[in-house]
Amino acid sequence: MFGFIHDFVQDDIKTLFGDRKRKPRSLNAMCKLIDTLLNVNGLVVEHVDVDDTTKTDAYAGFCLAYSRYRDDADTDFAILAGLRFLNNVDTGFFMLGNRWKVKILYHHVTPLGLSFANACGVRSR
C-alpha cells in the first residue's frame, strides 16, 4: 500500500479518506481516524495538526501515543537522515474532503535504510 516516495503518506491518506463511506463529523473522530491511518511500519510520526475549516475554534495538534519519536531522539534521527537511512517530511497543510486541513511531520525509512536494516538482521515488529 505504501511506497517510498516523498509524499506517499499524504497521497495514501487522501485515498483512504476518499474511499470512506462515512466521513468524520467531529474533530475528535477525525483525530482518531488519522491516528489509525498513520499506524504503519517504517513510519515514525513526530506531530499531527488537524483543523476543521467549518469552525473557527476546532483545531488539534497532537503526537501519536504509539509513535517511537521522542524529542530527545532528535540527534539520532538527524544522524539517520544524514546517512540517508531516513527521510524527514513535513507535508504542509493539505485538504481531506472539503472540511479538514491536515499537516503531518514524519520520518520514514528509505530504501537504503531498509537494505541496511535487512543486512544487519533487523526485523520490523
# chains A, B, ... in the order shown; residues from 1 in each chain; ligands from 1
>>> residues_around(residues="stretch 40-51 of chain A", least_positions_apart="5", cutoff="8 Å", atoms="only C-alpha atoms", output="list of chain:residue names")
A:Leu27, A:Met30, A:Cys31, A:Ala58, A:Tyr59, A:Ala60, A:Gly61, A:Phe62, A:Cys63, A:Leu64, A:Ser67, A:Arg68, A:Tyr69, A:Arg70, A:Trp100, A:Lys101, A:Val102, A:Lys103, A:Ile104, A:Leu105, A:Tyr106, A:His107, A:His108, A:Val109, A:Ser124, A:Arg125
>>> closest_residue(among="A:Phe85, A:Gly92, A:Thr54, A:Asn39", to="A:Ser26", atoms="only C-alpha atoms")
A:Thr54
>>> atom_distance(atom1="atom CA of A:Asp19", atom2="atom CA of A:Pro111")
28.2 Å
>>> closest_residue(among="A:Thr110, A:Asp12, A:Gly18, A:Arg25", to="A:Lys55", atoms="only C-alpha atoms")
A:Arg25
>>> select_by_dssp(residues="chain A", states="strand (DSSP E or B)", output="MDAnalysis selection string")
chainID A and resid 43:52 59:62 86:90 94:96 100:109
>>> write_last_selection(atoms="N, CA and C atoms", output="compact mmCIF listing (two decimals), in the first residue's frame")
# COMPACT_ATOMS: atom_id res chain seq x y z
N LEU A 43 7.30 4.00 9.54
CA LEU A 43 6.88 5.40 9.60
C LEU A 43 6.89 5.84 11.06
N VAL A 44 7.58 6.94 11.35
CA VAL A 44 7.62 7.49 12.70
C VAL A 44 7.03 8.89 12.63
N VAL A 45 5.87 9.06 13.24
CA VAL A 45 5.17 10.34 13.18
C VAL A 45 5.62 11.20 14.35
N GLU A 46 6.07 12.41 14.01
CA GLU A 46 6.53 13.36 15.02
C GLU A 46 5.37 14.19 15.56
N HIS A 47 4.51 14.68 14.67
CA HIS A 47 3.42 15.56 15.09
C HIS A 47 2.34 15.61 14.01
N VAL A 48 1.09 15.79 14.44
CA VAL A 48 -0.05 15.91 13.53
C VAL A 48 -0.86 17.14 13.92
N ASP A 49 -1.29 17.91 12.93
CA ASP A 49 -2.21 19.03 13.13
C ASP A 49 -3.46 18.76 12.31
N VAL A 50 -4.63 18.97 12.93
CA VAL A 50 -5.91 18.80 12.25
C VAL A 50 -6.75 20.04 12.51
N ASP A 51 -7.32 20.60 11.44
CA ASP A 51 -8.13 21.82 11.54
C ASP A 51 -9.46 21.58 10.84
N ASP A 52 -10.54 21.85 11.55
CA ASP A 52 -11.88 21.78 10.97
C ASP A 52 -12.18 23.15 10.39
N TYR A 59 -9.44 23.02 16.30
CA TYR A 59 -8.09 22.69 15.87
C TYR A 59 -7.47 21.77 16.90
N ALA A 60 -6.69 20.80 16.44
CA ALA A 60 -5.96 19.92 17.37
C ALA A 60 -4.55 19.70 16.83
N GLY A 61 -3.60 19.80 17.71
CA GLY A 61 -2.22 19.42 17.41
C GLY A 61 -1.85 18.34 18.40
N PHE A 62 -1.33 17.21 17.91
CA PHE A 62 -1.08 16.11 18.83
C PHE A 62 0.05 15.20 18.33
N LEU A 86 16.86 7.56 6.70
CA LEU A 86 15.53 8.10 6.97
C LEU A 86 15.32 9.37 6.15
N ASN A 87 14.08 9.63 5.79
CA ASN A 87 13.68 10.92 5.22
C ASN A 87 12.80 11.62 6.23
N ASN A 88 13.01 12.91 6.40
CA ASN A 88 12.16 13.74 7.26
C ASN A 88 11.20 14.48 6.34
N VAL A 89 9.90 14.41 6.64
CA VAL A 89 8.89 15.01 5.77
C VAL A 89 7.93 15.88 6.57
N ASP A 90 7.68 17.06 6.05
CA ASP A 90 6.64 17.96 6.55
C ASP A 90 5.66 18.11 5.38
N PHE A 94 -2.75 20.06 3.96
CA PHE A 94 -3.46 19.59 2.78
C PHE A 94 -4.90 19.28 3.18
N MET A 95 -5.79 19.35 2.22
CA MET A 95 -7.22 19.16 2.49
C MET A 95 -7.61 17.69 2.37
N LEU A 96 -8.48 17.28 3.27
CA LEU A 96 -9.16 15.99 3.18
C LEU A 96 -10.64 16.32 3.05
N TRP A 100 -11.60 19.23 6.21
CA TRP A 100 -10.46 19.00 7.10
C TRP A 100 -9.13 19.41 6.48
N LYS A 101 -8.35 20.20 7.22
CA LYS A 101 -6.97 20.50 6.85
C LYS A 101 -6.07 19.72 7.80
N VAL A 102 -5.09 19.03 7.21
CA VAL A 102 -4.22 18.16 7.99
C VAL A 102 -2.76 18.46 7.63
N LYS A 103 -1.91 18.40 8.63
CA LYS A 103 -0.46 18.55 8.43
C LYS A 103 0.22 17.46 9.25
N ILE A 104 1.19 16.78 8.64
CA ILE A 104 1.86 15.68 9.32
C ILE A 104 3.38 15.88 9.21
N LEU A 105 4.07 15.79 10.33
CA LEU A 105 5.52 15.76 10.36
C LEU A 105 5.91 14.32 10.67
N TYR A 106 6.68 13.70 9.78
CA TYR A 106 7.03 12.30 10.00
C TYR A 106 8.40 11.97 9.43
N HIS A 107 8.88 10.80 9.78
CA HIS A 107 10.13 10.25 9.29
C HIS A 107 9.80 8.88 8.72
N HIS A 108 10.38 8.55 7.58
CA HIS A 108 10.17 7.20 7.06
C HIS A 108 11.49 6.60 6.61
N VAL A 109 11.54 5.29 6.68
CA VAL A 109 12.73 4.55 6.28
C VAL A 109 12.87 4.65 4.77
>>> select_by_dssp(residues="chain A", states="alpha helix (DSSP H)", output="PyMOL selection string")
chain A and resi 8-19+27-37+74-82+111-119
>>> write_last_selection(atoms="N, CA and C atoms", output="short mmCIF file (atom, residue, chain, number, x, y, z; two decimals), in the first residue's frame")
data_model
loop_
_atom_site.label_atom_id
_atom_site.label_comp_id
_atom_site.auth_asym_id
_atom_site.auth_seq_id
_atom_site.Cartn_x
_atom_site.Cartn_y
_atom_site.Cartn_z
N PHE A 8 4.18 10.02 -0.06
CA PHE A 8 3.33 8.83 -0.08
C PHE A 8 2.28 8.85 1.03
N VAL A 9 2.60 9.40 2.18
CA VAL A 9 1.63 9.42 3.28
C VAL A 9 0.45 10.32 2.92
N GLN A 10 0.75 11.50 2.41
CA GLN A 10 -0.32 12.42 2.01
C GLN A 10 -1.21 11.79 0.95
N ASP A 11 -0.62 11.20 -0.07
CA ASP A 11 -1.41 10.57 -1.14
C ASP A 11 -2.26 9.42 -0.62
N ASP A 12 -1.66 8.57 0.21
CA ASP A 12 -2.39 7.41 0.70
C ASP A 12 -3.50 7.80 1.67
N ILE A 13 -3.27 8.79 2.51
CA ILE A 13 -4.32 9.23 3.42
C ILE A 13 -5.47 9.84 2.63
N LYS A 14 -5.16 10.62 1.60
CA LYS A 14 -6.22 11.19 0.76
C LYS A 14 -7.05 10.08 0.12
N THR A 15 -6.39 9.05 -0.37
CA THR A 15 -7.09 7.93 -0.99
C THR A 15 -7.95 7.19 0.03
N LEU A 16 -7.36 6.84 1.18
CA LEU A 16 -8.11 6.11 2.20
C LEU A 16 -9.28 6.93 2.73
N PHE A 17 -9.08 8.23 2.90
CA PHE A 17 -10.16 9.10 3.37
C PHE A 17 -11.26 9.19 2.32
N GLY A 18 -10.88 9.34 1.05
CA GLY A 18 -11.85 9.44 -0.03
C GLY A 18 -12.67 8.18 -0.20
N ASP A 19 -12.07 7.03 0.12
CA ASP A 19 -12.76 5.74 -0.01
C ASP A 19 -13.76 5.47 1.12
N LEU A 27 -14.11 16.78 15.40
CA LEU A 27 -12.66 16.88 15.45
C LEU A 27 -12.07 15.65 16.13
N ASN A 28 -12.69 15.19 17.19
CA ASN A 28 -12.22 14.01 17.90
C ASN A 28 -12.24 12.78 17.00
N ALA A 29 -13.30 12.59 16.24
CA ALA A 29 -13.40 11.44 15.33
C ALA A 29 -12.34 11.53 14.23
N MET A 30 -12.09 12.74 13.75
CA MET A 30 -11.07 12.92 12.71
C MET A 30 -9.68 12.60 13.25
N CYS A 31 -9.39 13.04 14.45
CA CYS A 31 -8.09 12.75 15.06
C CYS A 31 -7.90 11.25 15.27
N LYS A 32 -8.96 10.55 15.68
CA LYS A 32 -8.89 9.10 15.85
C LYS A 32 -8.65 8.40 14.51
N LEU A 33 -9.29 8.90 13.45
CA LEU A 33 -9.09 8.31 12.12
C LEU A 33 -7.64 8.50 11.67
N ILE A 34 -7.11 9.70 11.81
CA ILE A 34 -5.72 9.97 11.42
C ILE A 34 -4.78 9.08 12.23
N ASP A 35 -5.06 8.95 13.52
CA ASP A 35 -4.26 8.08 14.40
C ASP A 35 -4.23 6.65 13.86
N THR A 36 -5.36 6.15 13.42
CA THR A 36 -5.46 4.79 12.88
C THR A 36 -4.71 4.67 11.55
N LEU A 37 -4.88 5.64 10.67
CA LEU A 37 -4.28 5.57 9.34
C LEU A 37 -2.76 5.67 9.36
N ASP A 74 16.10 13.56 18.70
CA ASP A 74 16.35 14.42 17.54
C ASP A 74 17.71 14.17 16.90
N THR A 75 18.74 14.08 17.73
CA THR A 75 20.09 13.86 17.20
C THR A 75 20.18 12.53 16.46
N ASP A 76 19.59 11.49 17.03
CA ASP A 76 19.60 10.17 16.38
C ASP A 76 18.91 10.22 15.03
N PHE A 77 17.76 10.88 14.98
CA PHE A 77 17.03 11.00 13.72
C PHE A 77 17.82 11.81 12.70
N ALA A 78 18.51 12.86 13.16
CA ALA A 78 19.33 13.68 12.26
C ALA A 78 20.49 12.87 11.69
N ILE A 79 21.11 12.04 12.51
CA ILE A 79 22.21 11.19 12.03
C ILE A 79 21.69 10.20 10.99
N LEU A 80 20.56 9.55 11.27
CA LEU A 80 19.99 8.58 10.31
C LEU A 80 19.58 9.26 9.01
N ALA A 81 19.07 10.49 9.11
CA ALA A 81 18.71 11.25 7.91
C ALA A 81 19.98 11.63 7.13
N GLY A 82 21.03 12.01 7.85
CA GLY A 82 22.30 12.36 7.20
C GLY A 82 22.92 11.18 6.47
N PRO A 111 14.72 3.32 1.07
CA PRO A 111 15.15 2.02 0.56
C PRO A 111 16.56 1.64 1.05
N LEU A 112 17.46 2.63 1.12
CA LEU A 112 18.81 2.36 1.64
C LEU A 112 18.75 1.94 3.10
N GLY A 113 17.93 2.62 3.89
CA GLY A 113 17.77 2.27 5.30
C GLY A 113 17.19 0.88 5.47
N LEU A 114 16.24 0.53 4.62
CA LEU A 114 15.64 -0.81 4.68
C LEU A 114 16.68 -1.87 4.32
N SER A 115 17.47 -1.62 3.29
CA SER A 115 18.53 -2.56 2.91
C SER A 115 19.55 -2.72 4.03
N PHE A 116 19.92 -1.61 4.65
CA PHE A 116 20.88 -1.66 5.75
C PHE A 116 20.32 -2.46 6.92
N ALA A 117 19.06 -2.19 7.27
CA ALA A 117 18.43 -2.92 8.37
C ALA A 117 18.36 -4.42 8.07
N ASN A 118 18.00 -4.77 6.84
CA ASN A 118 17.96 -6.19 6.46
C ASN A 118 19.34 -6.84 6.55
N ALA A 119 20.37 -6.11 6.10
CA ALA A 119 21.74 -6.64 6.15
C ALA A 119 22.19 -6.85 7.58
#
